[in-house]
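One file, entry-v4.pdb, is given below (PDB, C-alpha atoms and all ligand atoms).
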```
ATOM      1  CA  MET Z  72       0.334  -0.531  28.063  1.00  0.00           C
ATOM      2  CA  ARG Z  73       3.394  -2.375  26.812  1.00  0.00           C
ATOM      3  CA  LYS Z  74       6.788  -0.982  27.749  1.00  0.00           C
ATOM      4  CA  LYS Z  75       8.459   1.005  24.942  1.00  0.00           C
ATOM      5  CA  ILE Z  76      11.764  -0.123  23.534  1.00  0.00           C
ATOM      6  CA  ASN Z  77      14.237   1.157  20.956  1.00  0.00           C
ATOM      7  CA  ILE Z  78      14.718  -0.832  17.755  1.00  0.00           C
ATOM      8  CA  ALA Z  79      17.879  -0.484  15.652  1.00  0.00           C
ATOM      9  CA  ILE Z  80      17.896  -1.518  11.992  1.00  0.00           C
ATOM     10  CA  ASP Z  81      21.261  -1.512  10.219  1.00  0.00           C
ATOM     11  CA  GLY Z  82      22.363  -2.848   6.886  1.00  0.00           C
ATOM     12  CA  HIS Z  83      23.678  -2.247   3.406  1.00  0.00           C
ATOM     13  CA  SER Z  84      22.418   0.459   1.057  1.00  0.00           C
ATOM     14  CA  SER Z  85      19.051  -0.147  -0.576  1.00  0.00           C
ATOM     15  CA  CYS Z  86      18.145  -3.366   1.177  1.00  0.00           C
ATOM     16  CA  GLY Z  87      14.722  -2.140   2.216  1.00  0.00           C
ATOM     17  CA  LYS Z  88      15.568  -0.977   5.732  1.00  0.00           C
ATOM     18  CA  SER Z  89      13.464   2.145   5.568  1.00  0.00           C
ATOM     19  CA  THR Z  90      10.369   0.435   4.124  1.00  0.00           C
ATOM     20  CA  LEU Z  91      10.422  -2.068   6.928  1.00  0.00           C
ATOM     21  CA  ALA Z  92      11.352   0.444   9.622  1.00  0.00           C
ATOM     22  CA  LYS Z  93       8.476   2.705   8.582  1.00  0.00           C
ATOM     23  CA  ALA Z  94       5.955  -0.149   8.609  1.00  0.00           C
ATOM     24  CA  LEU Z  95       7.210  -1.310  11.988  1.00  0.00           C
ATOM     25  CA  ALA Z  96       7.040   2.180  13.504  1.00  0.00           C
ATOM     26  CA  LYS Z  97       3.486   2.563  12.216  1.00  0.00           C
ATOM     27  CA  GLU Z  98       2.398  -0.808  13.629  1.00  0.00           C
ATOM     28  CA  LEU Z  99       3.894  -0.068  17.053  1.00  0.00           C
ATOM     29  CA  ASN Z 100       2.999   3.635  17.036  1.00  0.00           C
ATOM     30  CA  TYR Z 101       6.697   4.449  17.429  1.00  0.00           C
ATOM     31  CA  LEU Z 102       8.764   7.287  15.983  1.00  0.00           C
ATOM     32  CA  TYR Z 103      10.652   6.409  12.789  1.00  0.00           C
ATOM     33  CA  ILE Z 104      14.069   8.032  12.377  1.00  0.00           C
ATOM     34  CA  ASP Z 105      15.835   7.742   9.023  1.00  0.00           C
ATOM     35  CA  THR Z 106      19.469   8.507   9.872  1.00  0.00           C
ATOM     36  CA  GLY Z 107      20.508   8.116   6.213  1.00  0.00           C
ATOM     37  CA  ALA Z 108      18.286  11.127   5.487  1.00  0.00           C
ATOM     38  CA  MET Z 109      20.298  13.094   8.053  1.00  0.00           C
ATOM     39  CA  TYR Z 110      23.604  12.245   6.333  1.00  0.00           C
ATOM     40  CA  ARG Z 111      21.982  13.068   3.007  1.00  0.00           C
ATOM     41  CA  ALA Z 112      20.770  16.449   4.309  1.00  0.00           C
ATOM     42  CA  ILE Z 113      24.284  17.266   5.565  1.00  0.00           C
ATOM     43  CA  THR Z 114      25.610  16.330   2.126  1.00  0.00           C
ATOM     44  CA  LEU Z 115      23.140  18.679   0.476  1.00  0.00           C
ATOM     45  CA  PHE Z 116      24.298  21.335   2.922  1.00  0.00           C
ATOM     46  CA  ALA Z 117      27.931  20.659   1.886  1.00  0.00           C
ATOM     47  CA  LEU Z 118      27.005  21.028  -1.795  1.00  0.00           C
ATOM     48  CA  LYS Z 119      25.109  24.266  -1.163  1.00  0.00           C
ATOM     49  CA  ASN Z 120      27.969  25.693   0.903  1.00  0.00           C
ATOM     50  CA  ASN Z 121      30.736  24.880  -1.581  1.00  0.00           C
ATOM     51  CA  ALA Z 122      32.330  22.338   0.717  1.00  0.00           C
ATOM     52  CA  ILE Z 123      32.320  19.880  -2.200  1.00  0.00           C
ATOM     53  CA  LYS Z 124      34.277  20.982  -5.241  1.00  0.00           C
ATOM     54  CA  ASP Z 125      34.868  18.897  -8.370  1.00  0.00           C
ATOM     55  CA  GLY Z 126      33.568  15.875  -6.479  1.00  0.00           C
ATOM     56  CA  GLU Z 127      36.041  16.341  -3.600  1.00  0.00           C
ATOM     57  CA  LEU Z 128      35.035  17.072  -0.006  1.00  0.00           C
ATOM     58  CA  LEU Z 129      36.912  20.132   1.304  1.00  0.00           C
ATOM     59  CA  GLU Z 130      37.247  18.999   4.910  1.00  0.00           C
ATOM     60  CA  ASP Z 131      38.350  22.291   6.478  1.00  0.00           C
ATOM     61  CA  LYS Z 132      35.593  24.199   4.732  1.00  0.00           C
ATOM     62  CA  MET Z 133      33.063  21.569   5.826  1.00  0.00           C
ATOM     63  CA  LYS Z 134      34.199  21.731   9.450  1.00  0.00           C
ATOM     64  CA  SER Z 135      33.978  25.528   9.431  1.00  0.00           C
ATOM     65  CA  VAL Z 136      30.330  25.586   8.243  1.00  0.00           C
ATOM     66  CA  LEU Z 137      28.977  22.474   9.970  1.00  0.00           C
ATOM     67  CA  ASP Z 138      27.624  24.335  13.008  1.00  0.00           C
ATOM     68  CA  ASN Z 139      25.226  26.193  10.693  1.00  0.00           C
ATOM     69  CA  ALA Z 140      23.395  23.055   9.603  1.00  0.00           C
ATOM     70  CA  TYR Z 141      20.108  22.350  11.421  1.00  0.00           C
ATOM     71  CA  ILE Z 142      18.359  19.124  10.595  1.00  0.00           C
ATOM     72  CA  THR Z 143      14.826  18.358  11.719  1.00  0.00           C
ATOM     73  CA  PHE Z 144      11.981  16.018  10.764  1.00  0.00           C
ATOM     74  CA  LYS Z 145       8.334  16.926  10.358  1.00  0.00           C
ATOM     75  CA  TYR Z 146       5.293  14.774   9.694  1.00  0.00           C
ATOM     76  CA  ASP Z 147       3.530  15.606   6.433  1.00  0.00           C
ATOM     77  CA  THR Z 148      -0.194  15.041   6.835  1.00  0.00           C
ATOM     78  CA  ASP Z 149      -0.807  14.705   3.061  1.00  0.00           C
ATOM     79  CA  SER Z 150       1.857  12.126   2.233  1.00  0.00           C
ATOM     80  CA  LYS Z 151       1.705  10.637   5.759  1.00  0.00           C
ATOM     81  CA  GLN Z 152       5.509  10.555   5.691  1.00  0.00           C
ATOM     82  CA  VAL Z 153       8.141  12.106   7.907  1.00  0.00           C
ATOM     83  CA  ASP Z 154      10.063  14.650   5.819  1.00  0.00           C
ATOM     84  CA  ALA Z 155      13.626  15.854   6.411  1.00  0.00           C
ATOM     85  CA  TYR Z 156      14.240  19.596   6.762  1.00  0.00           C
ATOM     86  CA  LEU Z 157      17.507  21.447   6.379  1.00  0.00           C
ATOM     87  CA  ASN Z 158      17.575  24.887   8.013  1.00  0.00           C
ATOM     88  CA  GLY Z 159      13.793  25.099   7.783  1.00  0.00           C
ATOM     89  CA  ASP Z 160      13.439  23.908   4.150  1.00  0.00           C
ATOM     90  CA  ASN Z 161      11.808  20.627   3.203  1.00  0.00           C
ATOM     91  CA  VAL Z 162      14.610  18.752   1.409  1.00  0.00           C
ATOM     92  CA  GLU Z 163      13.001  15.308   1.236  1.00  0.00           C
ATOM     93  CA  LYS Z 164      13.079  15.182  -2.570  1.00  0.00           C
ATOM     94  CA  GLU Z 165      16.478  16.839  -3.096  1.00  0.00           C
ATOM     95  CA  ILE Z 166      18.308  14.493  -0.722  1.00  0.00           C
ATOM     96  CA  ARG Z 167      17.294  11.452  -2.799  1.00  0.00           C
ATOM     97  CA  SER Z 168      18.991  12.775  -5.974  1.00  0.00           C
ATOM     98  CA  MET Z 169      21.962  10.973  -7.550  1.00  0.00           C
ATOM     99  CA  GLN Z 170      24.044  14.107  -6.918  1.00  0.00           C
ATOM    100  CA  VAL Z 171      23.583  13.627  -3.159  1.00  0.00           C
ATOM    101  CA  SER Z 172      23.901   9.815  -3.378  1.00  0.00           C
ATOM    102  CA  LYS Z 173      27.258  10.189  -5.092  1.00  0.00           C
ATOM    103  CA  HIS Z 174      28.798  12.251  -2.312  1.00  0.00           C
ATOM    104  CA  VAL Z 175      27.025  11.088   0.830  1.00  0.00           C
ATOM    105  CA  SER Z 176      29.387   8.253   1.804  1.00  0.00           C
ATOM    106  CA  VAL Z 177      32.405  10.547   1.740  1.00  0.00           C
ATOM    107  CA  VAL Z 178      30.625  13.223   3.786  1.00  0.00           C
ATOM    108  CA  ALA Z 179      29.445  10.514   6.221  1.00  0.00           C
ATOM    109  CA  SER Z 180      33.072   9.423   6.708  1.00  0.00           C
ATOM    110  CA  LEU Z 181      34.055  12.735   8.298  1.00  0.00           C
ATOM    111  CA  LEU Z 182      34.372  12.371  12.094  1.00  0.00           C
ATOM    112  CA  ASP Z 183      32.938  15.830  12.863  1.00  0.00           C
ATOM    113  CA  VAL Z 184      29.847  15.055  10.796  1.00  0.00           C
ATOM    114  CA  ARG Z 185      29.353  11.721  12.549  1.00  0.00           C
ATOM    115  CA  LYS Z 186      29.799  13.215  16.021  1.00  0.00           C
ATOM    116  CA  LYS Z 187      27.200  15.879  15.329  1.00  0.00           C
ATOM    117  CA  LEU Z 188      24.615  13.473  13.904  1.00  0.00           C
ATOM    118  CA  VAL Z 189      25.191  10.659  16.416  1.00  0.00           C
ATOM    119  CA  ARG Z 190      24.584  13.151  19.272  1.00  0.00           C
ATOM    120  CA  LEU Z 191      21.371  14.303  17.644  1.00  0.00           C
ATOM    121  CA  GLN Z 192      20.190  10.729  17.022  1.00  0.00           C
ATOM    122  CA  GLN Z 193      20.880   9.723  20.632  1.00  0.00           C
ATOM    123  CA  ARG Z 194      18.841  12.679  21.884  1.00  0.00           C
ATOM    124  CA  MET Z 195      15.950  11.719  19.602  1.00  0.00           C
ATOM    125  CA  ALA Z 196      15.869   8.213  21.093  1.00  0.00           C
ATOM    126  CA  GLU Z 197      16.110   9.241  24.754  1.00  0.00           C
ATOM    127  CA  SER Z 198      12.422   8.702  25.499  1.00  0.00           C
ATOM    128  CA  LYS Z 199      12.362   5.259  23.805  1.00  0.00           C
ATOM    129  CA  GLY Z 200       9.688   4.150  21.359  1.00  0.00           C
ATOM    130  CA  VAL Z 201      11.946   4.706  18.370  1.00  0.00           C
ATOM    131  CA  VAL Z 202      12.677   2.662  15.250  1.00  0.00           C
ATOM    132  CA  MET Z 203      15.951   3.986  13.846  1.00  0.00           C
ATOM    133  CA  ASP Z 204      17.619   2.786  10.666  1.00  0.00           C
ATOM    134  CA  GLY Z 205      21.155   3.355   9.425  1.00  0.00           C
ATOM    135  CA  ARG Z 206      24.609   1.772   9.424  1.00  0.00           C
ATOM    136  CA  ASP Z 207      25.895   2.181  12.992  1.00  0.00           C
ATOM    137  CA  ILE Z 208      22.709   2.291  15.052  1.00  0.00           C
ATOM    138  CA  GLY Z 209      23.119  -1.041  16.852  1.00  0.00           C
ATOM    139  CA  THR Z 210      26.868  -0.615  17.295  1.00  0.00           C
ATOM    140  CA  VAL Z 211      27.424   3.090  18.043  1.00  0.00           C
ATOM    141  CA  VAL Z 212      24.263   5.207  18.282  1.00  0.00           C
ATOM    142  CA  LEU Z 213      22.068   2.881  20.373  1.00  0.00           C
ATOM    143  CA  PRO Z 214      24.300   0.019  21.551  1.00  0.00           C
ATOM    144  CA  ASP Z 215      21.728  -0.646  24.314  1.00  0.00           C
ATOM    145  CA  ALA Z 216      18.752  -0.910  21.954  1.00  0.00           C
ATOM    146  CA  GLU Z 217      16.540  -3.751  23.173  1.00  0.00           C
ATOM    147  CA  LEU Z 218      16.201  -5.162  19.662  1.00  0.00           C
ATOM    148  CA  LYS Z 219      18.610  -4.967  16.721  1.00  0.00           C
ATOM    149  CA  PHE Z 220      18.265  -6.136  13.140  1.00  0.00           C
ATOM    150  CA  PHE Z 221      20.963  -6.404  10.512  1.00  0.00           C
ATOM    151  CA  MET Z 222      19.457  -6.454   7.037  1.00  0.00           C
ATOM    152  CA  THR Z 223      21.097  -7.450   3.835  1.00  0.00           C
ATOM    153  CA  ALA Z 224      20.354  -8.701   0.310  1.00  0.00           C
ATOM    154  CA  GLU Z 225      22.377  -9.539  -2.773  1.00  0.00           C
ATOM    155  CA  LEU Z 226      23.956  -6.534  -4.499  1.00  0.00           C
ATOM    156  CA  GLU Z 227      22.059  -6.920  -7.805  1.00  0.00           C
ATOM    157  CA  VAL Z 228      18.734  -7.272  -5.988  1.00  0.00           C
ATOM    158  CA  ARG Z 229      19.397  -4.098  -4.013  1.00  0.00           C
ATOM    159  CA  ALA Z 230      20.470  -2.119  -7.083  1.00  0.00           C
ATOM    160  CA  LYS Z 231      17.355  -3.223  -8.964  1.00  0.00           C
ATOM    161  CA  ARG Z 232      15.112  -2.110  -6.075  1.00  0.00           C
ATOM    162  CA  ARG Z 233      16.837   1.263  -5.879  1.00  0.00           C
ATOM    163  CA  TYR Z 234      16.666   1.691  -9.668  1.00  0.00           C
ATOM    164  CA  ASN Z 235      12.910   0.976  -9.686  1.00  0.00           C
ATOM    165  CA  GLU Z 236      12.399   3.419  -6.823  1.00  0.00           C
ATOM    166  CA  LEU Z 237      14.205   6.225  -8.677  1.00  0.00           C
ATOM    167  CA  ILE Z 238      12.380   5.532 -11.946  1.00  0.00           C
ATOM    168  CA  ASP Z 239       9.053   5.528 -10.072  1.00  0.00           C
ATOM    169  CA  ARG Z 240       9.933   8.953  -8.700  1.00  0.00           C
ATOM    170  CA  GLY Z 241      10.597  10.192 -12.244  1.00  0.00           C
ATOM    171  CA  ILE Z 242      14.372  10.424 -11.792  1.00  0.00           C
ATOM    172  CA  GLU Z 243      16.260   9.577 -15.003  1.00  0.00           C
ATOM    173  CA  VAL Z 244      19.073   7.185 -14.312  1.00  0.00           C
ATOM    174  CA  SER Z 245      20.613   4.028 -15.807  1.00  0.00           C
ATOM    175  CA  PHE Z 246      20.719   0.686 -13.992  1.00  0.00           C
ATOM    176  CA  GLU Z 247      24.535   0.585 -14.367  1.00  0.00           C
ATOM    177  CA  GLU Z 248      24.854   3.977 -12.674  1.00  0.00           C
ATOM    178  CA  VAL Z 249      22.732   2.806  -9.743  1.00  0.00           C
ATOM    179  CA  LEU Z 250      24.586  -0.522  -9.452  1.00  0.00           C
ATOM    180  CA  ASP Z 251      27.901   1.292  -9.440  1.00  0.00           C
ATOM    181  CA  ASN Z 252      26.692   3.758  -6.795  1.00  0.00           C
ATOM    182  CA  VAL Z 253      25.368   1.032  -4.479  1.00  0.00           C
ATOM    183  CA  LYS Z 254      28.614  -0.936  -4.850  1.00  0.00           C
ATOM    184  CA  THR Z 255      30.787   2.109  -4.140  1.00  0.00           C
ATOM    185  CA  ARG Z 256      28.718   3.118  -1.119  1.00  0.00           C
ATOM    186  CA  ASP Z 257      28.896  -0.439   0.282  1.00  0.00           C
ATOM    187  CA  HIS Z 258      32.661  -0.281   0.027  1.00  0.00           C
ATOM    188  CA  ILE Z 259      33.081   3.164   1.602  1.00  0.00           C
ATOM    189  CA  ASP Z 260      30.471   2.514   4.330  1.00  0.00           C
ATOM    190  CA  SER Z 261      32.084  -0.787   5.344  1.00  0.00           C
ATOM    191  CA  THR Z 262      35.725   0.283   5.227  1.00  0.00           C
ATOM    192  CA  ARG Z 263      35.670   3.837   6.608  1.00  0.00           C
ATOM    193  CA  GLU Z 264      37.709   4.536   9.733  1.00  0.00           C
ATOM    194  CA  HIS Z 265      34.907   5.927  11.927  1.00  0.00           C
ATOM    195  CA  ASP Z 266      31.840   3.829  12.798  1.00  0.00           C
ATOM    196  CA  PRO Z 267      31.883   1.561   9.730  1.00  0.00           C
ATOM    197  CA  LEU Z 268      28.902  -0.607   8.844  1.00  0.00           C
ATOM    198  CA  ARG Z 269      29.200  -3.666  11.062  1.00  0.00           C
ATOM    199  CA  GLN Z 270      26.787  -6.238  12.289  1.00  0.00           C
ATOM    200  CA  ALA Z 271      26.245  -5.885  16.050  1.00  0.00           C
ATOM    201  CA  GLU Z 272      26.948  -9.160  17.834  1.00  0.00           C
ATOM    202  CA  ASP Z 273      23.441  -9.258  19.257  1.00  0.00           C
ATOM    203  CA  ALA Z 274      21.672  -8.330  15.995  1.00  0.00           C
ATOM    204  CA  VAL Z 275      19.140 -10.598  14.310  1.00  0.00           C
ATOM    205  CA  VAL Z 276      20.197 -11.057  10.657  1.00  0.00           C
ATOM    206  CA  VAL Z 277      17.562 -10.699   7.943  1.00  0.00           C
ATOM    207  CA  ASP Z 278      18.684 -11.562   4.391  1.00  0.00           C
ATOM    208  CA  ASN Z 279      15.708 -10.486   2.324  1.00  0.00           C
ATOM    209  CA  SER Z 280      16.992 -11.369  -1.176  1.00  0.00           C
ATOM    210  CA  ASN Z 281      14.184 -13.884  -1.509  1.00  0.00           C
ATOM    211  CA  LEU Z 282      11.641 -12.617   0.992  1.00  0.00           C
ATOM    212  CA  THR Z 283       8.503 -10.625   0.268  1.00  0.00           C
ATOM    213  CA  LEU Z 284       7.722  -7.559   2.345  1.00  0.00           C
ATOM    214  CA  ASP Z 285       4.972  -9.465   4.132  1.00  0.00           C
ATOM    215  CA  GLU Z 286       7.331 -12.302   5.024  1.00  0.00           C
ATOM    216  CA  GLN Z 287       9.920  -9.885   6.399  1.00  0.00           C
ATOM    217  CA  PHE Z 288       7.324  -7.973   8.348  1.00  0.00           C
ATOM    218  CA  THR Z 289       5.856 -11.110   9.906  1.00  0.00           C
ATOM    219  CA  PHE Z 290       9.319 -12.243  10.964  1.00  0.00           C
ATOM    220  CA  ILE Z 291      10.248  -8.880  12.435  1.00  0.00           C
ATOM    221  CA  ILE Z 292       6.976  -8.433  14.320  1.00  0.00           C
ATOM    222  CA  GLY Z 293       7.508 -11.926  15.749  1.00  0.00           C
ATOM    223  CA  GLN Z 294      10.897 -10.843  17.062  1.00  0.00           C
ATOM    224  CA  VAL Z 295       9.396  -7.671  18.547  1.00  0.00           C
ATOM    225  CA  ASN Z 296       6.657  -9.607  20.321  1.00  0.00           C
ATOM    226  CA  LYS Z 297       9.217 -12.022  21.709  1.00  0.00           C
ATOM    227  CA  THR Z 298      11.300  -9.123  23.020  1.00  0.00           C
ATOM    228  CA  LEU Z 299       8.257  -7.484  24.583  1.00  0.00           C
ATOM    229  CA  GLU Z 300       7.105 -10.634  26.386  1.00  0.00           C
ATOM    230  CA  PRO Z 301       6.877  -9.948  30.119  1.00  0.00           C
ATOM    231  CA  GLY Z 302      10.163 -10.682  31.843  1.00  0.00           C
ATOM    232  CA  THR Z 303      12.258 -10.425  28.658  1.00  0.00           C
ATOM    233  CA  ILE Z 304      13.397  -6.831  29.078  1.00  0.00           C
ATOM    234  CA  THR Z 305      15.643  -6.509  32.075  1.00  0.00           C
ATOM    235  CA  SER Z 306      16.485  -2.788  32.130  1.00  0.00           C
TER     236      SER Z 306
HETATM  237  O1  LIG P 401      20.349   4.824   4.215  1.00  0.00           O
HETATM  238  P1  LIG P 401      20.840   5.710   3.055  1.00  0.00           P
HETATM  239  O2  LIG P 401      21.264   4.924   1.845  1.00  0.00           O
HETATM  240  O3  LIG P 401      19.871   6.797   2.733  1.00  0.00           O
HETATM  241  O4  LIG P 401      22.167   6.410   3.634  1.00  0.00           O
HETATM  242  C1  LIG P 401      22.914   7.307   2.885  1.00  0.00           C
HETATM  243  C2  LIG P 401      24.367   7.238   3.295  1.00  0.00           C
HETATM  244  O5  LIG P 401      24.546   7.751   4.613  1.00  0.00           O
HETATM  245  C3  LIG P 401      25.005   5.855   3.291  1.00  0.00           C
HETATM  246  O6  LIG P 401      25.677   5.584   2.087  1.00  0.00           O
HETATM  247  C4  LIG P 401      25.971   5.892   4.458  1.00  0.00           C
HETATM  248  C5  LIG P 401      25.534   7.031   5.309  1.00  0.00           C
HETATM  249  N1  LIG P 401      25.004   6.626   6.606  1.00  0.00           N
HETATM  250  C6  LIG P 401      25.895   6.452   7.638  1.00  0.00           C
HETATM  251  O7  LIG P 401      27.080   6.568   7.429  1.00  0.00           O
HETATM  252  N2  LIG P 401      25.441   6.161   8.882  1.00  0.00           N
HETATM  253  C7  LIG P 401      24.131   6.025   9.120  1.00  0.00           C
HETATM  254  N3  LIG P 401      23.706   5.756  10.367  1.00  0.00           N
HETATM  255  C8  LIG P 401      23.199   6.169   8.068  1.00  0.00           C
HETATM  256  C9  LIG P 401      23.673   6.444   6.812  1.00  0.00           C
END
```

Could you quickly redo this structure as structure tokens?
Amino acid sequence: MRKKINIAIDGHSSCGKSTLAKALAKELNYLYIDTGAMYRAITLFALKNNAIKDGELLEDKMKSVLDNAYITFKYDTDSKQVDAYLNGDNVEKEIRSMQVSKHVSVVASLLDVRKKLVRLQQRMAESKGVVMDGRDIGTVVLPDAELKFFMTAELEVRAKRRYNELIDRGIEVSFEEVLDNVKTRDHIDSTREHDPLRQAEDAVVVDNSNLTLDEQFTFIIGQVNKTLEPGTITS
């Protein structure tokens, strides 16, 4: 049996990280961990606990309730997807709403939130065999991951993909609203003080503006196979 490794996939909002990460995890029989879903679930928790008022995050309130948020993932045999749970409730659909998307970057900027989720993510990856996607996986959460990808695509391409995804799910939204949200999140995610989105020095860059899913997958699997060649992994 081949040795298991951890694979980190970071990049901008809506550049197809999760689609690729899921396909990769399935191919390798690894565990897929969507860290964006964890920040989204915490944001939903903030909304439900009145820690967001008139669009503003009430930091003290958020800090005082944070210990009561339990986030888990469970495999759904019908949809064959891993769903996010918040305090025992399946929140997979709710966390994809525009309401959550609008506030998630600000909630994800709070140090206490990051500390809590980074700890949890590191525990989940302890046994290796994990494909984890997010913004700070290769730099902060799993700096020792054996393989790191940094994905990106042009802003308009990403917004169009996200728009199509929301429309397909029956969520009413305008393209302008989605474009504006993706642009704002890019800005906040890249400029925040704690663990901003950065490309790890040892990450392989994948700009998929003009690549099909198959092309991306073939490239990524090639990189995985290279990493797993005998003698390549030193630890
Ligand atoms: O991957 P996503 O778009 O579902 O992520 C939602 C937000 O969560 C994103 O705007 C930034 C934040 N996030 C983060 O700060 N760190 C991560 N590792 C993953 C997501």

Starting from the shown file, work through the PyMOL selection byres (((not hetatm)) within 6 of (chain P and resi 401)) and note down what comes out as a short mmCIF file (atom, residue, chain, number, x, y, z; two decimals) with C-alpha atoms, keeping the file's coordinate frame.
```
data_model
loop_
_atom_site.label_atom_id
_atom_site.label_comp_id
_atom_site.auth_asym_id
_atom_site.auth_seq_id
_atom_site.Cartn_x
_atom_site.Cartn_y
_atom_site.Cartn_z
CA SER Z 84 22.42 0.46 1.06
CA THR Z 106 19.47 8.51 9.87
CA GLY Z 107 20.51 8.12 6.21
CA ALA Z 108 18.29 11.13 5.49
CA TYR Z 110 23.60 12.24 6.33
CA ARG Z 111 21.98 13.07 3.01
CA VAL Z 175 27.02 11.09 0.83
CA SER Z 176 29.39 8.25 1.80
CA ALA Z 179 29.44 10.51 6.22
CA GLY Z 205 21.16 3.36 9.43
CA ARG Z 206 24.61 1.77 9.42
CA ASP Z 207 25.90 2.18 12.99
CA ILE Z 208 22.71 2.29 15.05
CA ARG Z 256 28.72 3.12 -1.12
CA ASP Z 260 30.47 2.51 4.33
#
```

> What is the CA of Gly82 (chain Z) to CA of Asn279 (chain Z) distance in Å?
Replying inline: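 Taking CA of Gly82 (chain Z) as the start and CA of Asn279 (chain Z) as the end point, the length is 11.1 Å.
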
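Our summary of the geometry notes that CA of His83 (chain Z) is positioned 26.7 Å from CA of Asp125 (chain Z).
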
>> Nearest residue to Leu226 (chain Z) out of Z:Leu282, Z:Val277, Z:Ile242, Z:Leu250, using only C-alpha atoms?
In response: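 Going through Z:Leu282, Z:Val277, Z:Ile242, Z:Leu250 one by one, the smallest distance to Leu226 (chain Z) is for Z:Leu250.
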
> Of the candidates Z:Val162, Z:Ala196, Z:Ile113, Z:Val211, which one gets nearest to Asn139 (chain Z) if we count only C-alpha atoms?
Replying inline: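 With only C-alpha atoms as the atom set, the closest residue is Z:Ile113.
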